[in-house]
>>> print(open('final.cif').read())   # mmCIF, C-alpha atoms
data_entry
#
loop_
_atom_site.label_atom_id
_atom_site.label_comp_id
_atom_site.auth_asym_id
_atom_site.auth_seq_id
_atom_site.Cartn_x
_atom_site.Cartn_y
_atom_site.Cartn_z
CA GLU A 246 55.63 -17.35 86.49
CA VAL A 247 59.37 -17.73 87.04
CA VAL A 248 61.91 -16.72 89.67
CA VAL A 249 65.26 -15.78 88.11
CA PHE A 250 68.61 -14.40 89.20
CA GLY A 251 68.72 -10.97 87.66
CA LYS A 252 70.50 -7.67 87.93
CA GLN A 253 67.82 -5.54 86.33
CA ILE A 254 64.68 -3.84 87.55
CA GLU A 255 61.94 -2.47 85.36
CA VAL A 256 60.12 0.73 86.30
CA ASP A 257 56.62 0.71 84.82
CA ALA A 258 54.67 3.73 83.52
CA GLU A 259 52.99 4.17 86.94
CA ARG A 260 56.41 4.00 88.64
CA SER A 261 55.04 1.36 91.02
CA PRO A 262 57.09 0.38 94.08
CA ILE A 263 59.53 -2.47 93.43
CA GLU A 264 60.29 -5.38 95.74
CA LEU A 265 63.51 -7.12 94.79
CA PRO A 266 64.18 -10.43 96.62
CA LEU A 267 67.84 -10.92 97.65
CA ARG A 268 69.85 -13.89 98.87
CA ASN A 269 73.16 -13.90 100.72
CA ALA A 270 75.08 -16.92 102.02
CA ASP A 271 77.12 -15.07 104.69
CA THR A 272 76.38 -12.40 107.29
CA VAL A 273 76.60 -8.90 105.79
CA VAL A 274 77.60 -5.88 107.91
CA GLU A 275 77.96 -3.36 105.06
CA ALA A 276 75.80 -3.35 101.94
CA THR A 277 75.00 -0.78 99.30
CA VAL A 278 72.97 -0.87 96.12
CA GLN A 279 73.54 1.18 92.98
CA ILE A 280 70.83 1.59 90.37
CA ARG A 281 72.21 2.60 86.98
CA ASP A 282 70.43 3.78 83.85
CA SER A 283 71.08 2.51 80.32
CA ASN A 284 74.06 4.91 80.01
CA GLY A 285 75.67 3.55 83.19
CA ALA A 286 74.95 6.69 85.24
CA ILE A 287 74.14 6.07 88.91
CA ARG A 288 70.51 7.12 89.47
CA TYR A 289 70.30 5.88 93.09
CA GLN A 290 72.75 4.67 95.72
CA GLY A 291 71.98 3.62 99.28
CA SER A 292 72.29 1.01 102.01
CA VAL A 293 70.25 -2.20 101.89
CA LEU A 294 70.87 -3.14 105.52
CA PRO A 295 67.78 -3.45 107.70
CA VAL A 296 67.38 -0.69 110.29
CA ASP A 297 66.02 -0.88 113.83
CA GLU A 298 65.76 1.78 116.57
CA ASN A 299 69.57 1.64 117.03
CA GLY A 300 70.46 2.00 113.34
CA PRO A 301 71.66 -0.47 110.67
CA VAL A 302 71.51 -4.18 111.53
CA ALA A 303 73.62 -6.97 110.00
CA MET A 304 71.87 -9.10 107.37
CA ARG A 305 71.91 -12.73 108.43
CA PRO A 306 72.40 -15.38 105.72
CA GLY A 307 69.19 -16.08 103.85
CA ASP A 308 66.48 -14.38 101.83
CA HIS A 309 65.69 -10.68 102.17
CA THR A 310 63.82 -8.00 100.21
CA PHE A 311 65.06 -4.65 98.91
CA GLU A 312 62.15 -2.24 98.57
CA PHE A 313 62.52 0.70 96.20
CA ASP A 314 60.12 3.51 95.30
CA PRO A 315 60.93 4.93 91.84
CA LYS A 316 58.65 7.95 92.42
CA ALA A 317 60.49 8.95 95.59
CA HIS A 318 63.77 8.95 93.66
CA ASN A 319 62.39 10.52 90.46
CA LEU A 320 63.20 7.46 88.33
CA PRO A 321 61.33 7.46 85.00
CA GLU A 322 59.93 4.38 83.25
CA GLY A 323 62.60 2.04 81.92
CA VAL A 324 64.99 -0.82 82.66
CA TYR A 325 67.81 -0.24 85.14
CA ARG A 326 70.85 -2.27 86.21
CA VAL A 327 71.15 -3.10 89.92
CA GLU A 328 74.55 -3.70 91.54
CA PHE A 329 75.20 -4.73 95.14
CA VAL A 330 78.45 -4.33 97.07
CA ALA A 331 78.63 -6.02 100.47
CA LYS A 332 81.16 -6.89 103.15
CA GLY A 333 81.04 -9.56 105.81
CA THR A 334 82.11 -9.52 109.45
CA ASP A 335 85.70 -10.22 108.36
CA GLY A 336 85.70 -7.23 105.97
CA LYS A 337 85.80 -9.48 102.90
CA PRO A 338 83.30 -9.15 100.03
CA VAL A 339 80.03 -11.07 100.30
CA THR A 340 77.88 -11.81 97.26
CA ILE A 341 74.29 -10.64 97.32
CA LEU A 342 72.22 -12.35 94.63
CA PRO A 343 69.21 -10.38 93.38
CA MET A 344 66.19 -12.39 92.25
CA LEU A 345 63.17 -11.36 90.21
CA THR A 346 59.72 -12.84 89.91
CA GLY A 347 57.66 -12.31 86.79
CA ILE A 348 55.34 -13.71 84.19
CA VAL A 349 57.08 -15.07 81.10
CA SER A 350 55.74 -13.17 78.10
CA GLY A 351 57.93 -14.85 75.48
CA ALA A 352 61.05 -16.86 74.75
CA VAL A 353 64.07 -16.56 72.47
CA LEU A 354 65.26 -19.89 71.09
CA ALA A 355 67.88 -18.72 68.57
CA GLY A 356 71.42 -18.23 69.86
CA GLU A 357 71.45 -18.39 73.66
CA PRO A 358 67.93 -19.41 74.77
CA ALA A 359 66.22 -16.92 77.08
CA VAL A 360 62.83 -15.99 78.49
CA ARG A 361 61.28 -12.54 78.32
CA ILE A 362 59.78 -10.88 81.39
CA GLY A 363 58.45 -7.45 80.46
CA ALA A 364 61.22 -5.73 78.48
CA ARG A 365 64.00 -7.89 79.97
CA LEU A 366 65.60 -11.13 78.77
CA PHE A 367 66.97 -13.79 81.15
CA LYS A 368 69.10 -16.81 80.24
CA LEU A 369 67.53 -20.20 80.95
CA SER A 370 70.42 -20.92 83.33
CA ASP A 371 69.23 -17.95 85.48
CA ILE A 372 65.84 -19.58 86.15
CA LEU A 373 65.54 -20.79 89.75
CA GLU A 374 61.88 -21.77 89.83
CA VAL A 375 58.89 -22.17 87.53
CA ARG A 376 55.40 -22.14 89.02
CA MET A 377 51.76 -21.56 88.15
CA ALA A 378 51.03 -17.91 87.41
CA PRO A 379 48.88 -16.10 89.98
CA GLY A 380 45.19 -16.51 89.23
CA THR A 381 45.77 -19.83 87.42
CA ASP A 382 43.79 -22.74 88.80
CA ALA A 383 46.25 -25.63 89.10
CA SER A 384 43.38 -28.13 89.25
CA GLU A 385 42.40 -27.30 85.65
CA SER A 386 45.67 -28.66 84.30
CA GLN A 387 46.58 -32.26 84.96
CA THR A 388 50.01 -33.67 84.31
CA SER A 389 51.73 -37.01 84.17
CA SER A 390 55.37 -37.77 84.66
CA LEU A 391 57.30 -39.69 81.99
CA GLU A 392 60.64 -41.31 82.88
CA THR A 393 63.27 -40.68 80.20
CA GLY A 394 65.60 -43.47 81.28
CA LEU A 395 68.39 -40.94 81.92
CA GLY A 396 67.43 -40.19 85.51
CA GLN A 397 65.18 -37.35 84.36
CA SER A 398 61.44 -36.99 84.21
CA VAL A 399 59.39 -35.01 81.73
CA VAL A 400 56.07 -33.59 82.85
CA GLN A 401 53.39 -33.78 80.16
CA PRO A 402 49.90 -32.27 80.18
CA THR A 403 47.19 -34.93 80.15
CA GLY A 404 44.03 -32.88 80.32
CA GLY A 405 42.45 -29.68 81.45
CA ARG A 406 40.66 -26.90 79.71
CA THR A 407 41.52 -26.02 76.14
CA ALA A 408 40.94 -22.70 74.43
CA SER A 409 38.06 -22.62 72.02
#
>>> encode(input="final.cif", output="structure tokens")
Amino acid sequence: EVVVFGKQIEVDAERSPIELPLRNADTVVEATVQIRDSNGAIRYQGSVLPVDENGPVAMRPGDHTFEFDPKAHNLPEGVYRVEFVAKGTDGKPVTILPMLTGIVSGAVLAGEPAVRIGARLFKLSDILEVRMAPGTDASESQTSSLETGLGQSVVQPTGGRTAS
């Protein structure tokens, strides 16, 4: 399982709700999201600011989640581009970084290396974190660390269960 920076969401055949983790470094007082189809047409646009009983609330710096229901917005199965536009307390633009979590189903090594998550490709430089996939027992796989001499370590499997 990997966490990547990514500007795409994938709507599955069931049109399951989507949770898109976000990160911003500065306080955001205005923030909208646009979801575009493969032709660039806007299929959804709305605010991503949290709301309390008094209305929209500023997003503090840190990690947040944008929740989106494709069924509620009549979005069919497919891959869509997500774009965020945000302003800070000083009225200047603030970057909102969308992140995705998914199981790697393949890799492309020719040209610019990338990993495949569902129908989407992400550059290796977009990977933020690699971790055990849900349902995987970490105790079944043992590793050892090998020093390369260049200030880097390589983790190598040393045991565990093998497929038969």
>>> closest_residue(input="final.cif", among="A:Ile341, A:Ile287, A:Leu267, A:Val273", to="His309 in chain A", atoms="all atoms listed in the file")
A:Leu267
>>> resolve_selection(input="final.cif", expression="the PyMOL selection byres ((chain A and resi 368) around 9)", output="mmCIF file with C-alpha atoms, in the coordinates of the input")
data_model
loop_
_atom_site.group_PDB
_atom_site.id
_atom_site.type_symbol
_atom_site.label_atom_id
_atom_site.label_comp_id
_atom_site.auth_asym_id
_atom_site.auth_seq_id
_atom_site.Cartn_x
_atom_site.Cartn_y
_atom_site.Cartn_z
ATOM 1 C CA VAL A 249 65.260 -15.780 88.110
ATOM 2 C CA GLU A 357 71.450 -18.390 73.660
ATOM 3 C CA PRO A 358 67.930 -19.410 74.770
ATOM 4 C CA ALA A 359 66.220 -16.920 77.080
ATOM 5 C CA VAL A 360 62.830 -15.990 78.490
ATOM 6 C CA LEU A 366 65.600 -11.130 78.770
ATOM 7 C CA PHE A 367 66.970 -13.790 81.150
ATOM 8 C CA LEU A 369 67.530 -20.200 80.950
ATOM 9 C CA SER A 370 70.420 -20.920 83.330
ATOM 10 C CA ASP A 371 69.230 -17.950 85.480
ATOM 11 C CA ILE A 372 65.840 -19.580 86.150
#
>>> closest_residue(input="final.cif", among="A:Glu374, A:Glu322, A:Glu246, A:Asp271", to="Arg305 in chain A", atoms="only C-alpha atoms")
A:Asp271
>>> atom_distance(input="final.cif", atom1="CA of Val375 in chain A", atom2="CA of Gly251 in chain A")
14.9 Å
>>> resolve_selection(input="final.cif", expression="the PyMOL selection byres ((chain A and resi 254) around 9)", output="PyMOL selection string")
chain A and resi 251-253+255-256+263+265+280+323-327+345+365
>>> decode(input="final.cif", residues="range 307-318 of chain A", atoms="all heavy atoms", output="PDB file, in the first residue's frame")
ATOM      1  N   GLY A 307      -2.215  21.625   8.166  1.00  0.00           N
ATOM      2  CA  GLY A 307      -2.178  20.221   8.553  1.00  0.00           C
ATOM      3  C   GLY A 307      -2.901  19.323   7.573  1.00  0.00           C
ATOM      4  O   GLY A 307      -3.107  19.679   6.423  1.00  0.00           O
ATOM      5  N   ASP A 308      -3.296  18.160   8.068  1.00  0.00           N
ATOM      6  CA  ASP A 308      -3.946  17.144   7.256  1.00  0.00           C
ATOM      7  C   ASP A 308      -5.460  17.195   7.450  1.00  0.00           C
ATOM      8  O   ASP A 308      -5.941  17.333   8.574  1.00  0.00           O
ATOM      9  CB  ASP A 308      -3.428  15.752   7.609  1.00  0.00           C
ATOM     10  CG  ASP A 308      -1.971  15.570   7.213  1.00  0.00           C
ATOM     11  OD1 ASP A 308      -1.494  16.280   6.311  1.00  0.00           O
ATOM     12  OD2 ASP A 308      -1.320  14.709   7.814  1.00  0.00           O
ATOM     13  N   HIS A 309      -6.185  17.073   6.358  1.00  0.00           N
ATOM     14  CA  HIS A 309      -7.639  17.118   6.352  1.00  0.00           C
ATOM     15  C   HIS A 309      -8.140  16.050   5.388  1.00  0.00           C
ATOM     16  O   HIS A 309      -7.348  15.416   4.680  1.00  0.00           O
ATOM     17  CB  HIS A 309      -8.135  18.501   5.911  1.00  0.00           C
ATOM     18  CG  HIS A 309      -7.541  19.615   6.706  1.00  0.00           C
ATOM     19  ND1 HIS A 309      -8.036  20.011   7.923  1.00  0.00           N
ATOM     20  CD2 HIS A 309      -6.462  20.399   6.469  1.00  0.00           C
ATOM     21  CE1 HIS A 309      -7.304  21.000   8.399  1.00  0.00           C
ATOM     22  NE2 HIS A 309      -6.335  21.257   7.537  1.00  0.00           N
ATOM     23  N   THR A 310      -9.470  15.888   5.295  1.00  0.00           N
ATOM     24  CA  THR A 310     -10.047  14.932   4.371  1.00  0.00           C
ATOM     25  C   THR A 310     -11.206  15.570   3.623  1.00  0.00           C
ATOM     26  O   THR A 310     -12.082  16.180   4.236  1.00  0.00           O
ATOM     27  CB  THR A 310     -10.563  13.683   5.122  1.00  0.00           C
ATOM     28  OG1 THR A 310      -9.481  13.104   5.842  1.00  0.00           O
ATOM     29  CG2 THR A 310     -11.119  12.649   4.159  1.00  0.00           C
ATOM     30  N   PHE A 311     -11.189  15.430   2.296  1.00  0.00           N
ATOM     31  CA  PHE A 311     -12.305  15.846   1.455  1.00  0.00           C
ATOM     32  C   PHE A 311     -13.128  14.601   1.171  1.00  0.00           C
ATOM     33  O   PHE A 311     -12.614  13.616   0.650  1.00  0.00           O
ATOM     34  CB  PHE A 311     -11.788  16.465   0.150  1.00  0.00           C
ATOM     35  CG  PHE A 311     -12.847  16.665  -0.904  1.00  0.00           C
ATOM     36  CD1 PHE A 311     -13.934  17.499  -0.677  1.00  0.00           C
ATOM     37  CD2 PHE A 311     -12.745  16.023  -2.125  1.00  0.00           C
ATOM     38  CE1 PHE A 311     -14.902  17.681  -1.652  1.00  0.00           C
ATOM     39  CE2 PHE A 311     -13.700  16.206  -3.100  1.00  0.00           C
ATOM     40  CZ  PHE A 311     -14.780  17.037  -2.869  1.00  0.00           C
ATOM     41  N   GLU A 312     -14.394  14.624   1.560  1.00  0.00           N
ATOM     42  CA  GLU A 312     -15.276  13.481   1.340  1.00  0.00           C
ATOM     43  C   GLU A 312     -16.206  13.804   0.181  1.00  0.00           C
ATOM     44  O   GLU A 312     -16.800  14.885   0.132  1.00  0.00           O
ATOM     45  CB  GLU A 312     -16.056  13.168   2.610  1.00  0.00           C
ATOM     46  CG  GLU A 312     -15.142  12.736   3.737  1.00  0.00           C
ATOM     47  CD  GLU A 312     -15.877  12.488   5.049  1.00  0.00           C
ATOM     48  OE1 GLU A 312     -17.113  12.662   5.104  1.00  0.00           O
ATOM     49  OE2 GLU A 312     -15.194  12.125   6.013  1.00  0.00           O
ATOM     50  N   PHE A 313     -16.326  12.856  -0.746  1.00  0.00           N
ATOM     51  CA  PHE A 313     -17.111  13.080  -1.956  1.00  0.00           C
ATOM     52  C   PHE A 313     -17.934  11.839  -2.266  1.00  0.00           C
ATOM     53  O   PHE A 313     -17.425  10.724  -2.242  1.00  0.00           O
ATOM     54  CB  PHE A 313     -16.170  13.399  -3.129  1.00  0.00           C
ATOM     55  CG  PHE A 313     -16.896  13.690  -4.407  1.00  0.00           C
ATOM     56  CD1 PHE A 313     -17.560  14.892  -4.576  1.00  0.00           C
ATOM     57  CD2 PHE A 313     -16.932  12.760  -5.425  1.00  0.00           C
ATOM     58  CE1 PHE A 313     -18.245  15.163  -5.754  1.00  0.00           C
ATOM     59  CE2 PHE A 313     -17.610  13.026  -6.602  1.00  0.00           C
ATOM     60  CZ  PHE A 313     -18.268  14.230  -6.764  1.00  0.00           C
ATOM     61  N   ASP A 314     -19.215  12.045  -2.567  1.00  0.00           N
ATOM     62  CA  ASP A 314     -20.119  10.947  -2.904  1.00  0.00           C
ATOM     63  C   ASP A 314     -20.462  11.023  -4.390  1.00  0.00           C
ATOM     64  O   ASP A 314     -21.272  11.857  -4.805  1.00  0.00           O
ATOM     65  CB  ASP A 314     -21.385  11.036  -2.056  1.00  0.00           C
ATOM     66  CG  ASP A 314     -22.324   9.869  -2.300  1.00  0.00           C
ATOM     67  OD1 ASP A 314     -22.037   9.015  -3.154  1.00  0.00           O
ATOM     68  OD2 ASP A 314     -23.367   9.808  -1.615  1.00  0.00           O
ATOM     69  N   PRO A 315     -19.861  10.161  -5.214  1.00  0.00           N
ATOM     70  CA  PRO A 315     -20.127  10.196  -6.656  1.00  0.00           C
ATOM     71  C   PRO A 315     -21.596   9.979  -7.013  1.00  0.00           C
ATOM     72  O   PRO A 315     -22.103  10.573  -7.961  1.00  0.00           O
ATOM     73  CB  PRO A 315     -19.263   9.062  -7.216  1.00  0.00           C
ATOM     74  CG  PRO A 315     -18.224   8.816  -6.184  1.00  0.00           C
ATOM     75  CD  PRO A 315     -18.860   9.158  -4.875  1.00  0.00           C
ATOM     76  N   LYS A 316     -22.298   9.146  -6.234  1.00  0.00           N
ATOM     77  CA  LYS A 316     -23.722   8.903  -6.505  1.00  0.00           C
ATOM     78  C   LYS A 316     -24.536  10.184  -6.346  1.00  0.00           C
ATOM     79  O   LYS A 316     -25.401  10.484  -7.162  1.00  0.00           O
ATOM     80  CB  LYS A 316     -24.280   7.827  -5.568  1.00  0.00           C
ATOM     81  CG  LYS A 316     -23.901   6.430  -5.930  1.00  0.00           C
ATOM     82  CD  LYS A 316     -24.565   5.451  -4.981  1.00  0.00           C
ATOM     83  CE  LYS A 316     -24.043   4.047  -5.229  1.00  0.00           C
ATOM     84  NZ  LYS A 316     -24.579   3.099  -4.228  1.00  0.00           N
ATOM     85  N   ALA A 317     -24.262  10.927  -5.281  1.00  0.00           N
ATOM     86  CA  ALA A 317     -25.009  12.152  -5.003  1.00  0.00           C
ATOM     87  C   ALA A 317     -24.825  13.197  -6.096  1.00  0.00           C
ATOM     88  O   ALA A 317     -25.680  14.064  -6.281  1.00  0.00           O
ATOM     89  CB  ALA A 317     -24.598  12.725  -3.651  1.00  0.00           C
ATOM     90  N   HIS A 318     -23.725  13.104  -6.831  1.00  0.00           N
ATOM     91  CA  HIS A 318     -23.433  14.085  -7.882  1.00  0.00           C
ATOM     92  C   HIS A 318     -23.488  13.457  -9.272  1.00  0.00           C
ATOM     93  O   HIS A 318     -22.989  14.041 -10.235  1.00  0.00           O
ATOM     94  CB  HIS A 318     -22.082  14.745  -7.610  1.00  0.00           C
ATOM     95  CG  HIS A 318     -22.071  15.459  -6.296  1.00  0.00           C
ATOM     96  ND1 HIS A 318     -22.731  16.636  -6.070  1.00  0.00           N
ATOM     97  CD2 HIS A 318     -21.526  15.107  -5.107  1.00  0.00           C
ATOM     98  CE1 HIS A 318     -22.580  17.003  -4.812  1.00  0.00           C
ATOM     99  NE2 HIS A 318     -21.846  16.089  -4.209  1.00  0.00           N
TER     100      HIS A 318
END
